[in-house]
Every structure is written in structure tokens, then in C-alpha cells.
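Trainee: Next up, structure.cif (mmCIF, C-alpha atoms and all ligand atoms).
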```
data_target
loop_
_atom_site.group_PDB
_atom_site.id
_atom_site.type_symbol
_atom_site.label_atom_id
_atom_site.label_comp_id
_atom_site.auth_asym_id
_atom_site.auth_seq_id
_atom_site.Cartn_x
_atom_site.Cartn_y
_atom_site.Cartn_z
ATOM 1 C CA MET O 394 3.903 -28.079 44.342
ATOM 2 C CA ASN O 395 5.727 -24.947 45.268
ATOM 3 C CA GLU O 396 5.536 -22.785 42.159
ATOM 4 C CA ILE O 397 8.550 -20.477 41.757
ATOM 5 C CA LYS O 398 7.537 -16.852 41.310
ATOM 6 C CA GLY O 399 8.796 -14.827 38.396
ATOM 7 C CA GLN O 400 8.380 -14.262 34.702
ATOM 8 C CA ARG O 401 8.977 -17.121 32.322
ATOM 9 C CA LEU O 402 11.138 -16.940 29.241
ATOM 10 C CA HIS O 403 10.734 -20.003 27.032
ATOM 11 C CA VAL O 404 13.805 -20.656 24.887
ATOM 12 C CA MET O 405 14.645 -23.224 22.241
ATOM 13 C CA LEU O 406 17.862 -24.259 23.948
ATOM 14 C CA GLY O 407 18.635 -27.014 26.445
ATOM 15 C CA PRO O 408 19.040 -26.087 30.119
ATOM 16 C CA SER O 409 22.784 -26.724 30.214
ATOM 17 C CA GLN O 410 23.373 -24.436 27.229
ATOM 18 C CA VAL O 411 21.125 -21.835 28.850
ATOM 19 C CA ARG O 412 23.196 -22.017 32.023
ATOM 20 C CA ARG O 413 26.377 -21.675 29.985
ATOM 21 C CA ARG O 414 25.093 -18.481 28.354
ATOM 22 C CA LEU O 415 24.065 -17.144 31.730
ATOM 23 C CA LYS O 416 27.403 -17.869 33.363
ATOM 24 C CA GLY O 417 28.391 -15.040 35.668
ATOM 25 C CA LEU O 418 25.188 -13.099 35.037
ATOM 26 C CA GLY O 419 22.492 -12.454 37.598
ATOM 27 C CA TYR O 420 19.422 -10.925 35.957
ATOM 28 C CA GLY O 421 17.260 -12.216 38.773
ATOM 29 C CA VAL O 422 17.263 -15.717 37.299
ATOM 30 C CA ARG O 423 15.602 -17.969 39.886
ATOM 31 C CA LYS O 424 15.609 -21.228 38.001
ATOM 32 C CA VAL O 425 16.256 -22.835 34.631
ATOM 33 C CA GLU O 426 13.893 -25.739 33.929
ATOM 34 C CA SER O 427 13.904 -28.220 31.114
ATOM 35 C CA ALA O 428 10.854 -27.855 28.850
ATOM 36 C CA GLY O 429 11.336 -30.880 26.659
ATOM 37 C CA ARG O 430 14.093 -31.798 24.273
ATOM 38 C CA GLY O 431 16.332 -28.814 23.532
ATOM 39 C CA GLU O 432 13.961 -26.396 25.254
ATOM 40 C CA ALA O 433 14.041 -24.631 28.587
ATOM 41 C CA VAL O 434 12.121 -22.137 30.662
ATOM 42 C CA ILE O 435 14.050 -19.422 32.463
ATOM 43 C CA ILE O 436 12.206 -18.199 35.539
ATOM 44 C CA HIS O 437 13.426 -14.724 36.390
ATOM 45 C CA THR O 438 12.565 -11.396 37.984
ATOM 46 C CA ALA O 439 14.485 -9.178 35.526
ATOM 47 C CA THR O 440 12.874 -5.875 34.526
ATOM 48 C CA GLY O 441 13.850 -2.832 32.436
ATOM 49 C CA GLN O 442 17.411 -2.831 31.116
ATOM 50 C CA HIS O 443 18.117 -6.221 32.723
ATOM 51 C CA LEU O 444 15.121 -7.779 30.972
ATOM 52 C CA ARG O 445 16.243 -6.301 27.656
ATOM 53 C CA GLU O 446 19.744 -7.709 28.194
ATOM 54 C CA LEU O 447 18.361 -11.112 29.164
ATOM 55 C CA GLN O 448 16.227 -11.139 26.016
ATOM 56 C CA ALA O 449 19.216 -9.997 23.957
ATOM 57 C CA ILE O 450 21.293 -12.923 25.216
ATOM 58 C CA PHE O 451 18.567 -15.351 24.117
ATOM 59 C CA HIS O 452 17.136 -13.363 21.228
ATOM 60 C CA ASP O 453 18.065 -15.974 18.653
ATOM 61 C CA VAL O 454 16.336 -18.811 20.534
ATOM 62 C CA LEU O 455 13.174 -17.249 21.966
ATOM 63 C CA GLU O 456 10.131 -19.500 21.712
ATOM 64 C CA ARG O 457 8.629 -17.805 18.679
ATOM 65 C CA ASP O 458 11.630 -18.983 16.648
ATOM 66 C CA LYS O 459 10.515 -22.631 16.674
ATOM 67 C CA PRO O 460 12.843 -24.827 14.640
ATOM 68 C CA GLU O 461 10.103 -25.821 12.184
ATOM 69 C CA ARG O 462 9.887 -22.159 11.242
ATOM 70 C CA SER O 463 13.487 -21.547 10.399
ATOM 71 C CA VAL O 464 14.821 -18.189 11.493
ATOM 72 C CA SER O 465 14.988 -15.914 8.496
ATOM 73 C CA ALA O 466 18.220 -14.250 7.517
ATOM 74 C CA PRO O 467 17.098 -10.745 8.576
ATOM 75 C CA GLU O 468 15.945 -12.027 11.977
ATOM 76 C CA GLN O 469 19.267 -13.750 12.424
ATOM 77 C CA LEU O 470 21.101 -10.529 11.590
ATOM 78 C CA ILE O 471 19.012 -8.574 14.094
ATOM 79 C CA ALA O 472 19.598 -11.205 16.775
ATOM 80 C CA THR O 473 23.340 -11.059 16.192
ATOM 81 C CA SER O 474 23.271 -7.257 16.171
ATOM 82 C CA LYS O 475 21.456 -7.175 19.514
ATOM 83 C CA PHE O 476 23.946 -9.572 20.982
ATOM 84 C CA LEU O 477 26.893 -7.523 19.662
ATOM 85 C CA SER O 478 25.356 -4.346 21.127
ATOM 86 C CA LEU O 479 25.226 -6.040 24.493
ATOM 87 C CA VAL O 480 28.833 -7.259 24.285
ATOM 88 C CA LEU O 481 30.446 -4.206 22.664
ATOM 89 C CA ARG O 482 28.561 -1.505 24.573
ATOM 90 C CA HIS O 483 27.600 -2.875 27.934
ATOM 91 C CA ARG O 484 28.778 -6.291 29.027
ATOM 92 C CA PRO O 485 31.827 -7.808 27.301
ATOM 93 C CA GLU O 486 32.096 -10.071 30.353
ATOM 94 C CA VAL O 487 29.173 -12.050 28.923
ATOM 95 C CA LEU O 488 31.836 -13.516 26.614
ATOM 96 C CA GLY O 489 34.682 -13.225 29.114
ATOM 97 C CA ILE O 490 36.442 -10.599 26.968
ATOM 98 C CA GLU O 491 37.637 -7.051 27.609
ATOM 99 C CA LEU O 492 37.461 -3.972 25.420
ATOM 100 C CA ASP O 493 40.431 -1.608 25.199
ATOM 101 C CA THR O 494 40.167 2.031 26.317
ATOM 102 C CA GLU O 495 38.681 3.025 22.957
ATOM 103 C CA GLY O 496 36.138 0.219 22.944
ATOM 104 C CA TRP O 497 37.952 -2.072 20.488
ATOM 105 C CA VAL O 498 38.387 -5.810 20.693
ATOM 106 C CA ALA O 499 40.240 -8.124 18.299
ATOM 107 C CA VAL O 500 37.751 -9.766 15.910
ATOM 108 C CA GLU O 501 39.467 -13.167 16.222
ATOM 109 C CA GLU O 502 39.325 -13.011 19.998
ATOM 110 C CA MET O 503 35.658 -12.047 20.007
ATOM 111 C CA LEU O 504 34.641 -14.742 17.512
ATOM 112 C CA ALA O 505 36.551 -17.394 19.467
ATOM 113 C CA ALA O 506 34.798 -16.266 22.660
ATOM 114 C CA CYS O 507 31.403 -16.371 20.879
ATOM 115 C CA ALA O 508 32.044 -19.966 19.808
ATOM 116 C CA LYS O 509 33.193 -20.918 23.291
ATOM 117 C CA HIS O 510 29.959 -19.549 24.764
ATOM 118 C CA GLY O 511 27.710 -21.425 22.351
ATOM 119 C CA ARG O 512 27.108 -18.394 20.080
ATOM 120 C CA ALA O 513 29.252 -19.244 17.073
ATOM 121 C CA ILE O 514 29.307 -16.441 14.486
ATOM 122 C CA SER O 515 31.339 -16.733 11.309
ATOM 123 C CA ARG O 516 33.512 -13.911 10.045
ATOM 124 C CA GLU O 517 31.126 -13.597 7.057
ATOM 125 C CA GLN O 518 28.071 -13.297 9.315
ATOM 126 C CA LEU O 519 29.854 -10.655 11.343
ATOM 127 C CA GLU O 520 30.704 -8.689 8.210
ATOM 128 C CA ASP O 521 27.059 -8.936 7.114
ATOM 129 C CA VAL O 522 25.855 -7.559 10.429
ATOM 130 C CA VAL O 523 28.304 -4.660 10.365
ATOM 131 C CA ARG O 524 27.482 -3.837 6.732
ATOM 132 C CA THR O 525 23.692 -4.193 6.815
ATOM 133 C CA ASN O 526 22.986 -2.849 10.312
ATOM 134 C CA ASP O 527 20.112 -0.354 10.108
ATOM 135 C CA LYS O 528 21.893 2.207 12.251
ATOM 136 C CA GLN O 529 25.469 1.328 11.319
ATOM 137 C CA ARG O 530 26.111 0.618 14.981
ATOM 138 C CA PHE O 531 29.487 -1.119 14.594
ATOM 139 C CA ALA O 532 32.808 -0.440 12.903
ATOM 140 C CA PHE O 533 35.856 -2.476 11.965
ATOM 141 C CA SER O 534 39.281 -0.898 12.377
ATOM 142 C CA ALA O 535 40.963 0.194 9.131
ATOM 143 C CA ASP O 536 42.817 -3.123 8.810
ATOM 144 C CA GLY O 537 39.705 -5.137 9.737
ATOM 145 C CA SER O 538 41.393 -6.799 12.702
ATOM 146 C CA ARG O 539 39.335 -5.090 15.416
ATOM 147 C CA ILE O 540 35.692 -4.172 15.988
ATOM 148 C CA ARG O 541 33.817 -1.721 18.238
ATOM 149 C CA ALA O 542 30.409 -0.105 18.706
ATOM 150 C CA LYS O 543 30.273 3.450 17.390
ATOM 151 C CA GLN O 544 28.243 4.814 20.299
ATOM 152 C CA GLY O 545 25.692 3.905 22.953
ATOM 153 C CA HIS O 546 28.130 2.502 25.527
ATOM 154 C CA SER O 547 27.496 2.284 29.215
ATOM 155 C CA LEU O 548 31.125 1.202 29.722
ATOM 156 C CA PRO O 549 33.776 3.910 30.064
ATOM 157 C CA VAL O 550 35.319 4.011 26.573
ATOM 158 C CA ASP O 551 36.961 6.909 24.789
ATOM 159 C CA LEU O 552 35.492 7.185 21.283
ATOM 160 C CA GLY O 553 37.703 10.156 20.395
ATOM 161 C CA LEU O 554 34.676 12.312 19.566
ATOM 162 C CA VAL O 555 35.447 15.878 18.496
ATOM 163 C CA PRO O 556 33.041 18.682 19.525
ATOM 164 C CA VAL O 557 31.073 20.113 16.582
ATOM 165 C CA GLU O 558 28.444 22.803 16.092
ATOM 166 C CA PRO O 559 24.945 21.296 16.055
ATOM 167 C CA PRO O 560 21.995 22.380 13.912
ATOM 168 C CA GLU O 561 19.654 24.978 15.417
ATOM 169 C CA LEU O 562 17.174 22.310 16.521
ATOM 170 C CA LEU O 563 17.563 18.667 17.499
ATOM 171 C CA TYR O 564 14.946 16.153 18.652
ATOM 172 C CA HIS O 565 14.553 13.593 21.409
ATOM 173 C CA GLY O 566 12.093 10.721 21.273
ATOM 174 C CA THR O 567 10.684 9.570 24.594
ATOM 175 C CA VAL O 568 7.397 8.414 26.171
ATOM 176 C CA PRO O 569 4.730 10.235 28.258
ATOM 177 C CA ARG O 570 5.687 8.626 31.566
ATOM 178 C CA PHE O 571 9.109 10.349 31.559
ATOM 179 C CA LEU O 572 7.837 13.835 30.679
ATOM 180 C CA GLU O 573 7.243 15.181 34.152
ATOM 181 C CA SER O 574 10.730 14.278 35.274
ATOM 182 C CA ILE O 575 12.286 15.520 32.002
ATOM 183 C CA ARG O 576 10.479 18.885 32.274
ATOM 184 C CA ARG O 577 11.786 19.194 35.830
ATOM 185 C CA ASP O 578 15.395 17.904 35.479
ATOM 186 C CA GLY O 579 15.991 18.193 31.755
ATOM 187 C CA LEU O 580 17.362 15.275 29.741
ATOM 188 C CA THR O 581 19.901 13.269 31.680
ATOM 189 C CA LYS O 582 22.220 10.579 30.361
ATOM 190 C CA GLY O 583 21.365 7.778 32.790
ATOM 191 C CA ASN O 584 23.610 4.778 32.170
ATOM 192 C CA ARG O 585 24.910 6.023 28.847
ATOM 193 C CA HIS O 586 27.815 8.414 28.266
ATOM 194 C CA HIS O 587 25.636 11.089 26.740
ATOM 195 C CA VAL O 588 22.084 12.168 26.117
ATOM 196 C CA HIS O 589 21.194 10.937 22.612
ATOM 197 C CA LEU O 590 19.502 13.383 20.236
ATOM 198 C CA SER O 591 18.171 12.811 16.733
ATOM 199 C CA PRO O 592 18.673 15.061 13.699
ATOM 200 C CA ASP O 593 15.025 14.805 12.615
ATOM 201 C CA ILE O 594 11.532 14.146 13.965
ATOM 202 C CA GLN O 595 11.156 10.856 12.137
ATOM 203 C CA THR O 596 14.242 9.334 13.755
ATOM 204 C CA ALA O 597 13.249 10.662 17.188
ATOM 205 C CA THR O 598 9.791 9.121 16.761
ATOM 206 C CA LYS O 599 11.385 5.716 16.147
ATOM 207 C CA VAL O 600 13.589 6.100 19.240
ATOM 208 C CA GLY O 601 10.527 6.922 21.371
ATOM 209 C CA GLN O 602 8.528 4.048 19.872
ATOM 210 C CA ARG O 603 10.928 1.529 21.442
ATOM 211 C CA ARG O 604 9.186 2.222 24.756
ATOM 212 C CA GLY O 605 5.572 2.969 23.875
ATOM 213 C CA ARG O 606 3.594 5.843 22.410
ATOM 214 C CA PRO O 607 6.303 8.247 21.224
ATOM 215 C CA VAL O 608 6.564 11.886 22.216
ATOM 216 C CA VAL O 609 9.121 14.043 20.412
ATOM 217 C CA LEU O 610 10.788 16.876 22.328
ATOM 218 C CA VAL O 611 12.360 19.766 20.446
ATOM 219 C CA ILE O 612 15.750 20.874 21.756
ATOM 220 C CA GLU O 613 17.139 24.344 21.136
ATOM 221 C CA SER O 614 20.580 22.977 20.410
ATOM 222 C CA GLY O 615 21.856 26.092 18.610
ATOM 223 C CA ARG O 616 21.153 28.193 21.676
ATOM 224 C CA MET O 617 22.716 25.558 23.938
ATOM 225 C CA PHE O 618 25.842 25.582 21.799
ATOM 226 C CA ARG O 619 26.117 29.385 21.923
ATOM 227 C CA ASP O 620 25.733 29.157 25.698
ATOM 228 C CA GLY O 621 28.799 26.894 25.863
ATOM 229 C CA HIS O 622 27.340 23.365 25.806
ATOM 230 C CA LYS O 623 29.432 20.853 23.854
ATOM 231 C CA PHE O 624 27.931 18.639 21.149
ATOM 232 C CA PHE O 625 29.352 15.596 19.403
ATOM 233 C CA ARG O 626 28.125 13.597 16.459
ATOM 234 C CA SER O 627 28.754 9.867 16.440
ATOM 235 C CA GLU O 628 29.951 8.245 13.226
ATOM 236 C CA ASN O 629 26.405 7.023 12.611
ATOM 237 C CA GLY O 630 24.758 10.429 12.907
ATOM 238 C CA VAL O 631 23.475 10.416 16.492
ATOM 239 C CA TRP O 632 23.926 13.780 18.242
ATOM 240 C CA LEU O 633 25.366 13.548 21.727
ATOM 241 C CA THR O 634 25.609 16.001 24.587
ATOM 242 C CA ASP O 635 26.185 15.810 28.310
ATOM 243 C CA ALA O 636 22.769 16.954 29.480
ATOM 244 C CA VAL O 637 19.926 19.150 28.246
ATOM 245 C CA PRO O 638 18.727 21.560 30.962
ATOM 246 C CA PRO O 639 14.945 22.097 30.960
ATOM 247 C CA ALA O 640 15.314 25.702 29.730
ATOM 248 C CA TYR O 641 16.340 24.409 26.285
ATOM 249 C CA LEU O 642 13.288 22.197 25.792
ATOM 250 C CA ARG O 643 10.862 23.958 23.506
ATOM 251 C CA ASP O 644 7.211 23.888 24.612
HETATM 252 C C1 LIG E 1 14.638 9.138 29.338
HETATM 253 C C2 LIG E 1 18.953 3.651 20.539
HETATM 254 C C3 LIG E 1 13.223 10.620 33.167
HETATM 255 C C4 LIG E 1 14.858 9.291 27.874
HETATM 256 C C5 LIG E 1 18.178 4.844 20.079
HETATM 257 C C6 LIG E 1 14.856 7.841 27.413
HETATM 258 C C7 LIG E 1 19.027 6.004 20.494
HETATM 259 C C8 LIG E 1 14.545 10.608 31.314
HETATM 260 C C9 LIG E 1 15.431 7.090 28.610
HETATM 261 C C10 LIG E 1 19.830 5.461 21.649
HETATM 262 C C11 LIG E 1 15.220 11.759 31.746
HETATM 263 C C12 LIG E 1 16.880 6.703 28.409
HETATM 264 C C13 LIG E 1 19.481 6.144 22.929
HETATM 265 C C14 LIG E 1 14.819 12.335 32.969
HETATM 266 C C15 LIG E 1 16.055 11.175 29.865
HETATM 267 N N1 LIG E 1 13.826 11.725 33.650
HETATM 268 N N2 LIG E 1 13.551 10.046 32.016
HETATM 269 N N3 LIG E 1 15.388 13.427 33.476
HETATM 270 N N4 LIG E 1 16.151 12.080 30.829
HETATM 271 N N5 LIG E 1 15.078 10.274 30.132
HETATM 272 O O1 LIG E 1 17.878 4.037 25.884
HETATM 273 O O2 LIG E 1 17.652 8.295 24.054
HETATM 274 O O3 LIG E 1 19.386 0.995 19.104
HETATM 275 O O4 LIG E 1 19.411 5.345 27.456
HETATM 276 O O5 LIG E 1 13.830 10.040 27.260
HETATM 277 O O6 LIG E 1 17.920 4.819 18.710
HETATM 278 O O7 LIG E 1 16.016 6.365 24.425
HETATM 279 O O8 LIG E 1 20.867 1.498 21.033
HETATM 280 O O9 LIG E 1 18.267 6.528 25.623
HETATM 281 O O10 LIG E 1 13.566 7.381 27.141
HETATM 282 O O11 LIG E 1 19.882 6.484 19.513
HETATM 283 O O12 LIG E 1 21.655 1.954 18.705
HETATM 284 O O13 LIG E 1 15.357 7.997 29.705
HETATM 285 O O14 LIG E 1 19.512 4.079 21.737
HETATM 286 O O15 LIG E 1 19.940 3.298 19.647
HETATM 287 O O16 LIG E 1 16.923 5.628 27.502
HETATM 288 O O17 LIG E 1 18.100 5.997 23.210
HETATM 289 P P1 LIG E 1 18.178 5.292 26.629
HETATM 290 P P2 LIG E 1 17.407 6.857 24.317
HETATM 291 P P3 LIG E 1 20.510 1.847 19.634
#
```
Show how you would write the structure in this file as C-alpha cells.
Mentor:
Amino acid sequence: MNEIKGQRLHVMLGPSQVRRRLKGLGYGVRKVESAGRGEAVIIHTATGQHLRELQAIFHDVLERDKPERSVSAPEQLIATSKFLSLVLRHRPEVLGIELDTEGWVAVEEMLAACAKHGRAISREQLEDVVRTNDKQRFAFSADGSRIRAKQGHSLPVDLGLVPVEPPELLYHGTVPRFLESIRRDGLTKGNRHHVHLSPDIQTATKVGQRRGRPVVLVIESGRMFRDGHKFFRSENGVWLTDAVPPAYLRD
């Protein structure tokens, strides 16, 4: 038999539902195979950000969440939060919706689109996610009719951030494999709108840990500010700036 090459993602969801969730998305998916009743294997070549997005789309149905071990409430909240991050920061097209110029979408419209794409979320569940989210990533509009992510977008949205003076030092959590390039080019924003900096070492350590053994860089943000660099602080306390040149990284 001709074995298809690629990584395998086993999900507790039938192949047709898997294909529906994947509609319009590439992610290097080579094949979706049935793996028994209500289960499928996605054979793909996704890596890096694409792999994370693919996992986010199926986070609630990955193999470890076998039905006999019912998904706990906190896991469900995290799964929904990851999915909302994907939709509200990076790829609203996953649900066939659009964000306005400030990143908002009508709650009703988003929930209807979730249901249509086999990801039904109730208004109560959504409110739980927004309220309990560890980093307070999302916000409802004042009248509760719209929702957006507070930061972290790769889409061009205007969050109306106002420049503010930063503390003397800020921190950036990363991993050893990026250090050479960071020391050479400074911190660059990549896909995001800004470089993300943390107010304390503990938070930066957690950010770095997402990728491996964390390394925390110390940024001379006060000096950057006095030299004319602009800083912003997102509603949930993440410090943002355009780029950090290598001269402001403390040894
Ligand atoms: C690295 C999470 C090579 C940088 C977190 C990082 C944060 C370079 C990666 C938020 C580089 C970018 C953002 C250079 C930067 N050469 N590597 N010149 N400059 N890097 O995910 O800061 O859960 O875009 O060190 O908590 O890790 O999404 O940024 O490792 O607040 O709410 O390139 O994401 O919050 O990765 O994380 P990211 P980040 P959320």
C-alpha cells in the first residue's frame, strides 16, 4: 500500500465534519481518513504557526479527549479560547466572517457562524471564556453586542492604542534558538503588529516556555522611550512596540 507521508493528527470527529472545519484552509492537509466511528486521522505537513492553527481548530476533539473521559470545563474553556484567538486575531475566514477595521464582529453573527461550522458555542459559554480567560484576551463592546481580541492580531486592525511611557525595564521571553538572530537584528514583530514585551520576568518566562526552555531578555525600554521609540500597553497589560534594536537589549 502506498502510505501517504505526513504527520498524523487523530481527532474524535467524523471525516465529513473534519472536512467541514477545514473548508477553505490549506495547512498542508494531504488526506482525511476515517479511523472508526466518529473518529478521523488528518494526514498533514503543517509546521510552526500552521500546525498551531490546525491544532487550535481541532483542539476540542484531539485524541486525548476520548469521549469516555469527558472534557472538563476548564479544558473546554481553553479549547474555546484558542479557537476564538484564531478567529478574532488571525483567520476569521475559518468561520466565513469578517472583522471591522477595529477588529470587532457582532456576537450574534459570530455565534451563528460557529454553529454553522460545527462549533456551536452558547452565549453563556462565550461569556465564561471572556470572563475567565487567564490573559483577558477578549473584550465585549460596552453594549455587549460585539466582541474582539484585545491584542495579538496578525490581521490589520486598528485597536486605537494610545502611546504611553513604559517602565525603565521590560522583558521578553524567548528560546535559545532565536538568540543569535535577536542579538543581530533586535526583536522584530514577525506576523504580529508589534513586538510583545512583558512587565515582569515571571510573565516573560511563561511566554518563552510556550516554545521550549525559556530565556528572558531585558529591554531598556526607558532609554528607548527617551530616544523616541513609541510604546503602547494593551488593555490586558502586554507592552507593545514596533521593534527593539539590539542596542537596547541588556547583556
Ligand atoms: C522571536 C502570547 C528570531 C520571539 C504571549 C518569539 C505573548 C525573533 C517569536 C504574545 C526575532 C515570535 C506574543 C528575531 C523576535 N529573530 N526570532 N529577530 N525577534 N523573535 O508568538 O512574543 O497567548 O509572535 O522571541 O503570551 O512569543 O497569544 O511572539 O519567540 O504575549 O495571548 O519570534 O503571545 O500571548 O513569536 O508572544 P510570537 P511572542 P497569547
Trainee: Go through the shown structure with the PyMOL selection byres (((not hetatm)) within 6 of (chain E and resi 1)) and write out the matching residues as JSON, numbers by chain.
Mentor: {"O": [530, 545, 567, 571, 574, 575, 578, 579, 580, 581, 585, 589, 600]}
Trainee: Between CA of Glu502 in chain O and CA of Arg524 in chain O, what is the distance, to one decimal in Å?
Mentor: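 That distance, rounded to one decimal, is 20.0 Å.
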Trainee: Would you write out, as JSON, numbers by chain, every residue that the PyMOL selection byres (((chain O and resi 532) around 10) and not hetatm) captures in this file?
Mentor: {"O": [497, 520, 523, 524, 529, 530, 531, 533, 534, 535, 537, 539, 540, 541, 542, 543, 628, 629]}
Trainee: Given the file above and the PyMOL selection byres (((chain O and resi 417) around 12) and not hetatm), which residues are selected, and can you give them as a VMD selection string?
Mentor: chain O and resid 412 to 416 418 to 422 484 to 489 510
Trainee: Any chance you could work out the axis-aligned box around range 627-637 of chain O, listed atoms only, 3 Å on each side, giving centre and edge lengths in Å to one decimal, as lines of an AutoDock Vina configuration file?
Mentor:
```
center_x = 24.9
center_y = 13.1
center_z = 21.0
size_x = 16.0
size_y = 18.1
size_z = 22.9
```
Trainee: Need the neighbours of (36.2, 14.5, 16.7): which residues are at most 9 Å away, counting all atoms listed in the file, as a PyMOL selection string?
Mentor: chain O and resi 552-557+625-627
Trainee: Would you please work out which residue, of O:Asp453, O:Val411, O:Leu447, O:Gly601, is nearest to Ala433 in chain O when using only C-alpha atoms?
Mentor: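 Closest candidate: O:Val411.
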Trainee: Taking 5 positions as the minimum chain separation for residues in the same chain, which residues sit within 9 Å of Thr596 in chain O when counting all atoms listed in the file? Answer as a PyMOL selection string.
Mentor: chain O and resi 564-566+591+601
Trainee: Give me, please, the distance in Å between CA of Ser547 in chain O and CA of Asn584 in chain O, quoted to one decimal.
Mentor: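 Separating CA of Ser547 in chain O from CA of Asn584 in chain O is a distance of 5.5 Å.
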Trainee: As an exercise, work out the distance from CA of Lys398 in chain O to CA of Lys424 in chain O in Å and give it to one decimal place.
Mentor: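 Interatomic distance here is 9.8 Å.
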Trainee: Identify the residues around (8.6, -16.2, 34.3) within a radius of 7 Å, measuring from only C-alpha atoms in the coordinates stated by the file, and give them as JSON, numbers by chain.
Mentor: {"O": [399, 400, 401, 402, 435, 436, 437]}
Trainee: Go through O:Arg604, O:Lys599, O:Arg643, O:His546 one by one, measure the shortest atom-to-atom distance of each to Met617 in chain O using only C-alpha atoms, and give the residue with the smallest value.
Mentor: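 Looking only at the distances to Met617 in chain O, the closest residue turns out to be O:Arg643.
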Trainee: Write only all heavy atoms for range 524-531 of chain O from the block just shown, as a compact mmCIF listing (two decimals), in the first residue's frame.
Mentor:
```
# COMPACT_ATOMS: atom_id res chain seq x y z
N ARG O 524 -14.78 36.08 30.47
CA ARG O 524 -14.61 36.45 31.87
C ARG O 524 -13.44 35.74 32.53
O ARG O 524 -12.67 36.33 33.27
CB ARG O 524 -15.91 36.15 32.64
CG ARG O 524 -15.98 36.86 34.00
CD ARG O 524 -17.22 36.46 34.79
NE ARG O 524 -17.29 35.03 35.00
CZ ARG O 524 -18.21 34.23 34.49
NH1 ARG O 524 -19.17 34.71 33.74
NH2 ARG O 524 -18.21 32.94 34.74
N THR O 525 -13.30 34.42 32.23
CA THR O 525 -12.32 33.62 32.99
C THR O 525 -10.97 33.51 32.28
O THR O 525 -10.06 32.94 32.81
CB THR O 525 -12.84 32.18 33.21
OG1 THR O 525 -13.01 31.56 31.92
CG2 THR O 525 -14.15 32.16 33.94
N ASN O 526 -10.86 34.06 31.08
CA ASN O 526 -9.62 33.88 30.31
C ASN O 526 -8.39 34.34 31.08
O ASN O 526 -8.37 35.47 31.59
CB ASN O 526 -9.74 34.64 28.99
CG ASN O 526 -8.63 34.30 28.05
OD1 ASN O 526 -7.69 35.05 27.92
ND2 ASN O 526 -8.70 33.13 27.44
N ASP O 527 -7.37 33.47 31.15
CA ASP O 527 -6.21 33.78 32.00
C ASP O 527 -5.55 35.10 31.65
O ASP O 527 -5.04 35.80 32.50
CB ASP O 527 -5.19 32.63 31.98
CG ASP O 527 -4.69 32.29 30.58
OD1 ASP O 527 -5.31 32.74 29.60
OD2 ASP O 527 -3.67 31.57 30.46
N LYS O 528 -5.54 35.44 30.36
CA LYS O 528 -4.88 36.70 30.00
C LYS O 528 -5.87 37.78 29.59
O LYS O 528 -5.47 38.79 29.01
CB LYS O 528 -3.91 36.46 28.86
CG LYS O 528 -2.68 35.71 29.29
CD LYS O 528 -1.59 35.90 28.27
CE LYS O 528 -0.57 34.81 28.38
NZ LYS O 528 0.11 34.59 27.10
N GLN O 529 -7.14 37.55 29.85
CA GLN O 529 -8.16 38.54 29.46
C GLN O 529 -7.96 38.96 28.01
O GLN O 529 -7.80 40.13 27.68
CB GLN O 529 -8.10 39.76 30.40
CG GLN O 529 -8.48 39.41 31.83
CD GLN O 529 -9.96 39.02 31.95
OE1 GLN O 529 -10.84 39.83 31.69
NE2 GLN O 529 -10.24 37.78 32.31
N ARG O 530 -7.94 37.94 27.14
CA ARG O 530 -7.60 38.19 25.74
C ARG O 530 -8.71 38.87 24.94
O ARG O 530 -8.46 39.45 23.91
CB ARG O 530 -7.28 36.87 25.05
CG ARG O 530 -5.99 36.23 25.50
CD ARG O 530 -5.73 34.94 24.75
NE ARG O 530 -4.48 34.33 25.11
CZ ARG O 530 -4.33 33.48 26.12
NH1 ARG O 530 -5.35 33.17 26.88
NH2 ARG O 530 -3.15 32.97 26.39
N PHE O 531 -9.97 38.75 25.41
CA PHE O 531 -11.09 39.23 24.58
C PHE O 531 -11.91 40.27 25.33
O PHE O 531 -11.92 40.32 26.55
CB PHE O 531 -12.01 38.05 24.20
CG PHE O 531 -11.24 36.86 23.73
CD1 PHE O 531 -11.06 35.76 24.54
CD2 PHE O 531 -10.65 36.87 22.47
CE1 PHE O 531 -10.32 34.66 24.12
CE2 PHE O 531 -9.90 35.79 22.03
CZ PHE O 531 -9.74 34.67 22.85
```
